[in-house]
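Report on the structure given below.
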Amino acid sequence: MKAHPQDYIKIMREEIIKEEQASFMNQVGAVFGYLTSASLGQMADQALAREQSVAIRENAVENLPELLETFEKNAVKNGMEVLWAADAEEARSIIKDLVKKHEAKVITKGKSMISEEIDLNHYLEEELGVKIYEGDLGELIVQMRGTPPFHIVGPAINLNIQQIAQTLVDHIGMEYTEDAKAIANYVRTFMRRQFEQADMGITGVNMAVASTGSIILVENEGNIRWSTAAPKVHVAIMSLEKVVADMADAFHIMEMLSRSCTGQGMTSYVSVLSGPRAAGEYDGAEKMYVIILDNGRSKIYQDPFLRQALKCIRCGRCGTACPIYLTVGAYPYGWCYPGPMGTVISPLLLGLDDTYNVYEACTLCGGCESVCPTGIRHVELFHHYRAMKVAGDKRFKATRSSFMERAGFKSWAAAMRSPALFEKSVGLIRNYLHVGSKEGQVNKMPGTLKAWSAYRDLPIAEKTFHQYWAEREKTSVSEKEAAAGSDKGGQDHE
Amino acid sequence: MQRISLFIPCAVDALLGDVGADTVRLLSSLGFELIYHAEQTCCGQPAISAGHVDLVRDIAKRFIEIFEDDEIIVSPSGSCVNTVKNDYPRLLSDEPEWHLRALNLGEKVYEISQFLVDQAGIEDVHASFTGKIAYHKSCHLLRALGIDLQPQKLLSHVKGAEIVPLNAAEQCCGFGGQFAIKYPQVSHALVRQKTQNFLQTGAEVLIVSDPGCLLNIGGYLHRNHPHLKARHLVSFLAQNLEGGVSI
């Protein structure tokens, strides 16, 4: 999909009034919270397991160049063809050439965020007129509806059964039914025909294993198994941070991914692919390509602090722990990465100016960080993005914050360094606020503060603490003078 | 008895002076001697959150100079304690001497429930209250400082108070400092959600531990459900002390 995070406010306003959606998403958040924590809780030593996944991903990201070289060497040895793409455009043109070369007319896909990132479906359909079918039920539904995935794991999680049924009626000729089982069976039969006639399967990669040159894909529906085994050609696209050192690392990450994502110890299907169909084998693609996409990630790698953004394994757990995502949904994020995961990666890939609201519209509550299986320090990272924006970090397309904003904070800072100025400012603010106050609550505020008082009052105590303390000191001194000699302890009277 | 230095956040000073007074009342009733450096201002968190970190280094150094000779520093705000404890050392990491001073100071700064339960070993402050209460887990207290049970232990000893479970107690109330002004619709949706969960408990008081949550939830309740109250933990304890310790 085309990125449009600049439209955050506009889309957020459209989405936030969908109260039913927000209320459903909050239930989703609670259910996933329960499922994933129960699942992680079943591990022999959950804290240790997390430490290990943090260490595995840290090691992978720190040694990215070496691991990628090793992976390429071993994958080539296994008979795969490895192609490198610097950006989305190059990746699309590589795939276009492959489609032409293999004369593919029908392509089935495994759900892949990287394919969304490079907007592959539209491009191939428009450029080559090929037919593309998403194999994952949820992704197929959003493909037909032309909307971005609502959640990276549950792309159609925001739709009700009526909307889903109608979409299938409109696009693939299903007879209207609200029977979920019947719907699933219809799509299953429909997709089976596409898998059987597909000339090419395109998938993402969950993990690339350097030491064995294998790629691993996890799923619950069997569609990825079909796309990788039935068509003659399999094209796998991975962003370059997907690599891990060895099988032990890969399987640990796989377990943490499944548990953090759907609460499963292991997904229904796990495909470990170590090369195309060999002589004597009866299934598997005859030709296998792995495209390694950079698209701005090596630039992130250059910065030792920002590098942690590459640790993400796309489990989506942060989303269901994020009050903002659960409230505004996926669409305001304006790209294929919704929720905190998008807040981590989008600003670095798309630039800090265009994604301003993505990282600003965050209360820094730390919900995401507390459930992240790879130890990304979200709050610190989001603080950092804001600071990069203020400073105008050219590397990530940030222009400096406005003169007015900087001047405002400078004078604020000056007041904070001087007790006299501070007290004076507090007094001025209180006088200003007192205009609309009654019963110790301000119910009307001017200027930008209207944004507050549109929805709520503002408590305002009768005295500042400075005043209270000064009076307490005075009383305490006079009391001590009055009752000289007697022990008053810590108590005094007003 | 230990001498406690009070770290009163700017929001408490300017708007919630009563929470500051209740902090004094509560700690005094427990026999602590209190000092207050009247030259303290703001810890700088608003500027850190807004990305103006360069401006905060001087504010942090000033804070360190004011407080570093104190034995123990206590604040009725987990959020501001987090700034001093966790953000200052990071902000000053390029200046070894200041970095060390920030770390040393951080060791002595406590959120009030954390101080009472973990440091002073006090769980029962001798308060009583008849009725149902619910507890909101403020974000920075819970996730930045790892303070979860301490406030609840203090509440569990309040005679007569029945603590009822709050659904999604750990979910953010939508304050977020400037966030509430910049994204009012989102902030509103979150505080409304928090309030709905509170209404479901049937409790009459919602206890919070951070001034930000109190401004937000308290202001929202006052506007929309005036019969219900949000109270800061220290205010709830201090105003329900047995024997009615006067100020």
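Letters for chains follow the order of the structure tokens (A, B, ...), residue numbers begin at 1 for each chain, and ligand numbers begin at 1 in the order shown.
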What are the residues of chain B that have an atom within 7 Å of an atom of chain A, counting only C-alpha atoms, as a PyMOL selection string?
chain B and resi 13-18+20-21+28+31-33+38-42+48-53+55+59+139-140+143+171-172+174-176+179-181+183-184+188+215+219-220+222-223+246-247
Would you mind listing what lies within 10 Å of stretch 153-165 of chain A as a PyMOL selection string, with only C-alpha atoms counted and same-chain residues fewer than 5 positions away left out?
chain A and resi 20-22+24-25+28+111-113+136-143+145+147-148+170+174-180+183+219+261-262+314-317+329-330+336
In Å, rounded to a single decimal, give me how far atom CA of A:Gly213 is from atom CA of A:Ala250.
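Here the two named atoms are 11.9 Å from each other.
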Skipping near chain neighbours, those fewer than 3 positions away, what residues fall within 10 Å of stretch 113-116 of chain B using only C-alpha atoms, listed as a PDB file with N, CA and C atoms, in the first residue's frame?
```
ATOM      1  N   LEU B  27       2.859  11.931  55.927  1.00  0.00           N
ATOM      2  CA  LEU B  27       4.205  11.607  56.393  1.00  0.00           C
ATOM      3  C   LEU B  27       4.423  12.105  57.820  1.00  0.00           C
ATOM      4  N   LEU B  30       3.041   9.859  60.420  1.00  0.00           N
ATOM      5  CA  LEU B  30       3.834   8.655  60.632  1.00  0.00           C
ATOM      6  C   LEU B  30       5.140   8.974  61.346  1.00  0.00           C
ATOM      7  N   ILE B  72      17.044  11.175  51.815  1.00  0.00           N
ATOM      8  CA  ILE B  72      15.996  10.457  51.108  1.00  0.00           C
ATOM      9  C   ILE B  72      14.983  11.467  50.555  1.00  0.00           C
ATOM     10  N   ILE B  73      14.559  11.215  49.319  1.00  0.00           N
ATOM     11  CA  ILE B  73      13.665  12.167  48.643  1.00  0.00           C
ATOM     12  C   ILE B  73      12.388  11.422  48.258  1.00  0.00           C
ATOM     13  N   VAL B  74      11.251  11.999  48.616  1.00  0.00           N
ATOM     14  CA  VAL B  74       9.978  11.312  48.388  1.00  0.00           C
ATOM     15  C   VAL B  74       9.021  12.225  47.622  1.00  0.00           C
ATOM     16  N   SER B  75       8.301  11.620  46.680  1.00  0.00           N
ATOM     17  CA  SER B  75       7.385  12.400  45.837  1.00  0.00           C
ATOM     18  C   SER B  75       6.047  11.693  45.664  1.00  0.00           C
ATOM     19  N   PRO B  76       4.961  12.474  45.600  1.00  0.00           N
ATOM     20  CA  PRO B  76       3.666  11.858  45.310  1.00  0.00           C
ATOM     21  C   PRO B  76       3.422  11.696  43.809  1.00  0.00           C
ATOM     22  N   SER B  77       4.482  11.452  43.039  1.00  0.00           N
ATOM     23  CA  SER B  77       4.321  11.236  41.606  1.00  0.00           C
ATOM     24  C   SER B  77       5.326  10.224  41.072  1.00  0.00           C
ATOM     25  N   GLY B  78       4.825   9.111  40.580  1.00  0.00           N
ATOM     26  CA  GLY B  78       5.708   8.106  39.996  1.00  0.00           C
ATOM     27  C   GLY B  78       6.311   8.604  38.703  1.00  0.00           C
ATOM     28  N   LYS B 108      18.218   7.611  45.668  1.00  0.00           N
ATOM     29  CA  LYS B 108      17.588   8.113  46.894  1.00  0.00           C
ATOM     30  C   LYS B 108      16.190   8.665  46.674  1.00  0.00           C
ATOM     31  N   VAL B 109      15.724   8.610  45.413  1.00  0.00           N
ATOM     32  CA  VAL B 109      14.415   9.195  45.093  1.00  0.00           C
ATOM     33  C   VAL B 109      13.347   8.102  45.042  1.00  0.00           C
ATOM     34  N   TYR B 110      12.270   8.304  45.782  1.00  0.00           N
ATOM     35  CA  TYR B 110      11.207   7.303  45.859  1.00  0.00           C
ATOM     36  C   TYR B 110       9.838   7.905  45.622  1.00  0.00           C
ATOM     37  N   GLN B 119      10.786   0.879  51.870  1.00  0.00           N
ATOM     38  CA  GLN B 119      11.886   1.437  52.649  1.00  0.00           C
ATOM     39  C   GLN B 119      11.555   1.510  54.131  1.00  0.00           C
ATOM     40  N   ALA B 120      10.367   2.060  54.429  1.00  0.00           N
ATOM     41  CA  ALA B 120      10.035   2.281  55.838  1.00  0.00           C
ATOM     42  C   ALA B 120       9.314   1.080  56.443  1.00  0.00           C
ATOM     43  N   GLY B 121       8.904   0.135  55.618  1.00  0.00           N
ATOM     44  CA  GLY B 121       8.211  -1.054  56.130  1.00  0.00           C
ATOM     45  C   GLY B 121       6.840  -0.746  56.714  1.00  0.00           C
ATOM     46  N   ILE B 122       6.220   0.313  56.206  1.00  0.00           N
ATOM     47  CA  ILE B 122       4.893   0.685  56.724  1.00  0.00           C
ATOM     48  C   ILE B 122       3.815   0.303  55.711  1.00  0.00           C
ATOM     49  N   GLU B 123       2.887  -0.531  56.114  1.00  0.00           N
ATOM     50  CA  GLU B 123       1.762  -0.850  55.229  1.00  0.00           C
ATOM     51  C   GLU B 123       0.454  -0.311  55.798  1.00  0.00           C
ATOM     52  N   ASP B 124       0.420  -0.194  57.128  1.00  0.00           N
ATOM     53  CA  ASP B 124      -0.797   0.293  57.774  1.00  0.00           C
ATOM     54  C   ASP B 124      -0.547   1.702  58.289  1.00  0.00           C
ATOM     55  N   VAL B 125      -1.193   2.679  57.658  1.00  0.00           N
ATOM     56  CA  VAL B 125      -0.987   4.060  58.097  1.00  0.00           C
ATOM     57  C   VAL B 125      -2.061   4.480  59.103  1.00  0.00           C
ATOM     58  N   LEU B 141       4.111   4.595  37.198  1.00  0.00           N
ATOM     59  CA  LEU B 141       4.298   3.889  38.457  1.00  0.00           C
ATOM     60  C   LEU B 141       4.485   2.410  38.176  1.00  0.00           C
ATOM     61  N   LEU B 145       8.450   2.246  36.868  1.00  0.00           N
ATOM     62  CA  LEU B 145       9.095   2.034  38.167  1.00  0.00           C
ATOM     63  C   LEU B 145       8.797   0.650  38.749  1.00  0.00           C
ATOM     64  N   GLY B 146       7.889  -0.071  38.137  1.00  0.00           N
ATOM     65  CA  GLY B 146       7.567  -1.413  38.642  1.00  0.00           C
ATOM     66  C   GLY B 146       6.841  -1.403  39.980  1.00  0.00           C
ATOM     67  N   ILE B 147       6.114  -0.313  40.255  1.00  0.00           N
ATOM     68  CA  ILE B 147       5.380  -0.230  41.523  1.00  0.00           C
ATOM     69  C   ILE B 147       3.943  -0.690  41.286  1.00  0.00           C
ATOM     70  N   ASP B 148       3.595  -1.812  41.853  1.00  0.00           N
ATOM     71  CA  ASP B 148       2.255  -2.355  41.636  1.00  0.00           C
ATOM     72  C   ASP B 148       1.574  -2.656  42.966  1.00  0.00           C
ATOM     73  N   LEU B 149       2.236  -3.472  43.781  1.00  0.00           N
ATOM     74  CA  LEU B 149       1.596  -3.919  45.016  1.00  0.00           C
ATOM     75  C   LEU B 149       1.641  -2.893  46.143  1.00  0.00           C
ATOM     76  N   GLN B 150       2.668  -2.022  46.119  1.00  0.00           N
ATOM     77  CA  GLN B 150       2.848  -1.095  47.240  1.00  0.00           C
ATOM     78  C   GLN B 150       1.601  -0.248  47.519  1.00  0.00           C
ATOM     79  N   PRO B 151       1.053   0.429  46.515  1.00  0.00           N
ATOM     80  CA  PRO B 151      -0.156   1.229  46.810  1.00  0.00           C
ATOM     81  C   PRO B 151      -1.307   0.348  47.285  1.00  0.00           C
ATOM     82  N   GLN B 152      -1.406  -0.841  46.699  1.00  0.00           N
ATOM     83  CA  GLN B 152      -2.517  -1.727  47.047  1.00  0.00           C
ATOM     84  C   GLN B 152      -2.371  -2.267  48.465  1.00  0.00           C
ATOM     85  N   LYS B 153      -1.118  -2.470  48.895  1.00  0.00           N
ATOM     86  CA  LYS B 153      -0.895  -2.906  50.283  1.00  0.00           C
ATOM     87  C   LYS B 153      -1.356  -1.815  51.247  1.00  0.00           C
ATOM     88  N   LEU B 154      -0.999  -0.571  50.922  1.00  0.00           N
ATOM     89  CA  LEU B 154      -1.416   0.534  51.790  1.00  0.00           C
ATOM     90  C   LEU B 154      -2.935   0.610  51.863  1.00  0.00           C
ATOM     91  N   SER B 209      -2.403   7.255  41.547  1.00  0.00           N
ATOM     92  CA  SER B 209      -1.149   7.580  42.232  1.00  0.00           C
ATOM     93  C   SER B 209      -0.321   8.633  41.535  1.00  0.00           C
ATOM     94  N   LEU B 233      -3.796   8.714  46.023  1.00  0.00           N
ATOM     95  CA  LEU B 233      -3.585   7.775  47.129  1.00  0.00           C
ATOM     96  C   LEU B 233      -3.260   8.492  48.438  1.00  0.00           C
ATOM     97  N   VAL B 234      -2.344   9.476  48.392  1.00  0.00           N
ATOM     98  CA  VAL B 234      -1.951  10.127  49.645  1.00  0.00           C
ATOM     99  C   VAL B 234      -3.109  10.940  50.236  1.00  0.00           C
TER     100      VAL B 234
END
```
Per-residue DSSP, stretch 119-308 of chain A, filtered to strand (DSSP E), as an mmCIF file with C-alpha atoms, in the first residue's frame:
```cif
data_model
loop_
_atom_site.group_PDB
_atom_site.id
_atom_site.type_symbol
_atom_site.label_atom_id
_atom_site.label_comp_id
_atom_site.auth_asym_id
_atom_site.auth_seq_id
_atom_site.Cartn_x
_atom_site.Cartn_y
_atom_site.Cartn_z
ATOM 1 C CA LYS A 131 -4.123 -12.381 -11.065
ATOM 2 C CA ILE A 132 -3.025 -12.328 -7.449
ATOM 3 C CA TYR A 133 -4.784 -14.114 -4.615
ATOM 4 C CA GLU A 134 -3.885 -13.594 -1.002
ATOM 5 C CA MET A 200 4.074 -18.719 -8.730
ATOM 6 C CA GLY A 201 3.839 -18.458 -4.977
ATOM 7 C CA ILE A 202 5.011 -15.282 -3.253
ATOM 8 C CA THR A 203 5.551 -15.272 0.499
ATOM 9 C CA MET A 207 13.087 -16.144 9.897
ATOM 10 C CA ALA A 208 16.123 -16.733 7.722
ATOM 11 C CA VAL A 209 18.615 -19.111 9.302
ATOM 12 C CA SER A 214 16.951 -22.003 5.323
ATOM 13 C CA ILE A 215 13.885 -19.824 5.552
ATOM 14 C CA ILE A 216 11.100 -20.453 8.046
ATOM 15 C CA LEU A 217 7.442 -19.547 7.650
ATOM 16 C CA VAL A 218 4.734 -19.873 10.290
ATOM 17 C CA GLU A 219 0.966 -19.863 9.729
ATOM 18 C CA VAL A 233 8.243 -21.045 -8.604
ATOM 19 C CA HIS A 234 8.462 -19.715 -5.064
ATOM 20 C CA VAL A 235 9.563 -16.144 -4.434
ATOM 21 C CA ALA A 236 10.233 -15.262 -0.802
ATOM 22 C CA ILE A 237 10.756 -11.623 0.161
ATOM 23 C CA MET A 238 12.454 -10.742 3.417
ATOM 24 C CA SER A 239 13.534 -7.490 4.977
ATOM 25 C CA VAL A 243 18.049 -13.305 9.767
ATOM 26 C CA VAL A 244 19.092 -15.242 12.894
ATOM 27 C CA TYR A 269 1.988 -25.094 10.142
ATOM 28 C CA VAL A 270 5.708 -24.475 10.263
ATOM 29 C CA SER A 271 7.550 -24.601 6.959
ATOM 30 C CA VAL A 272 11.327 -24.889 7.033
ATOM 31 C CA LEU A 273 12.501 -24.493 3.467
ATOM 32 C CA LYS A 287 12.831 -22.751 -8.544
ATOM 33 C CA MET A 288 13.222 -20.753 -5.357
ATOM 34 C CA TYR A 289 14.194 -17.104 -5.030
ATOM 35 C CA VAL A 290 14.901 -15.156 -1.877
ATOM 36 C CA ILE A 291 14.810 -11.395 -2.203
ATOM 37 C CA ILE A 292 16.550 -9.516 0.580
ATOM 38 C CA LEU A 293 15.139 -6.022 0.910
#
```
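Residues with any atom within 12 Å of A:Asp303, counting only C-alpha atoms and excluding same-chain neighbours fewer than 5 positions away, are Val61, Glu62, Arg297, Ser298, Gln308, Ala309, Leu310, Leu348, Arg395 and Phe396 of chain A.
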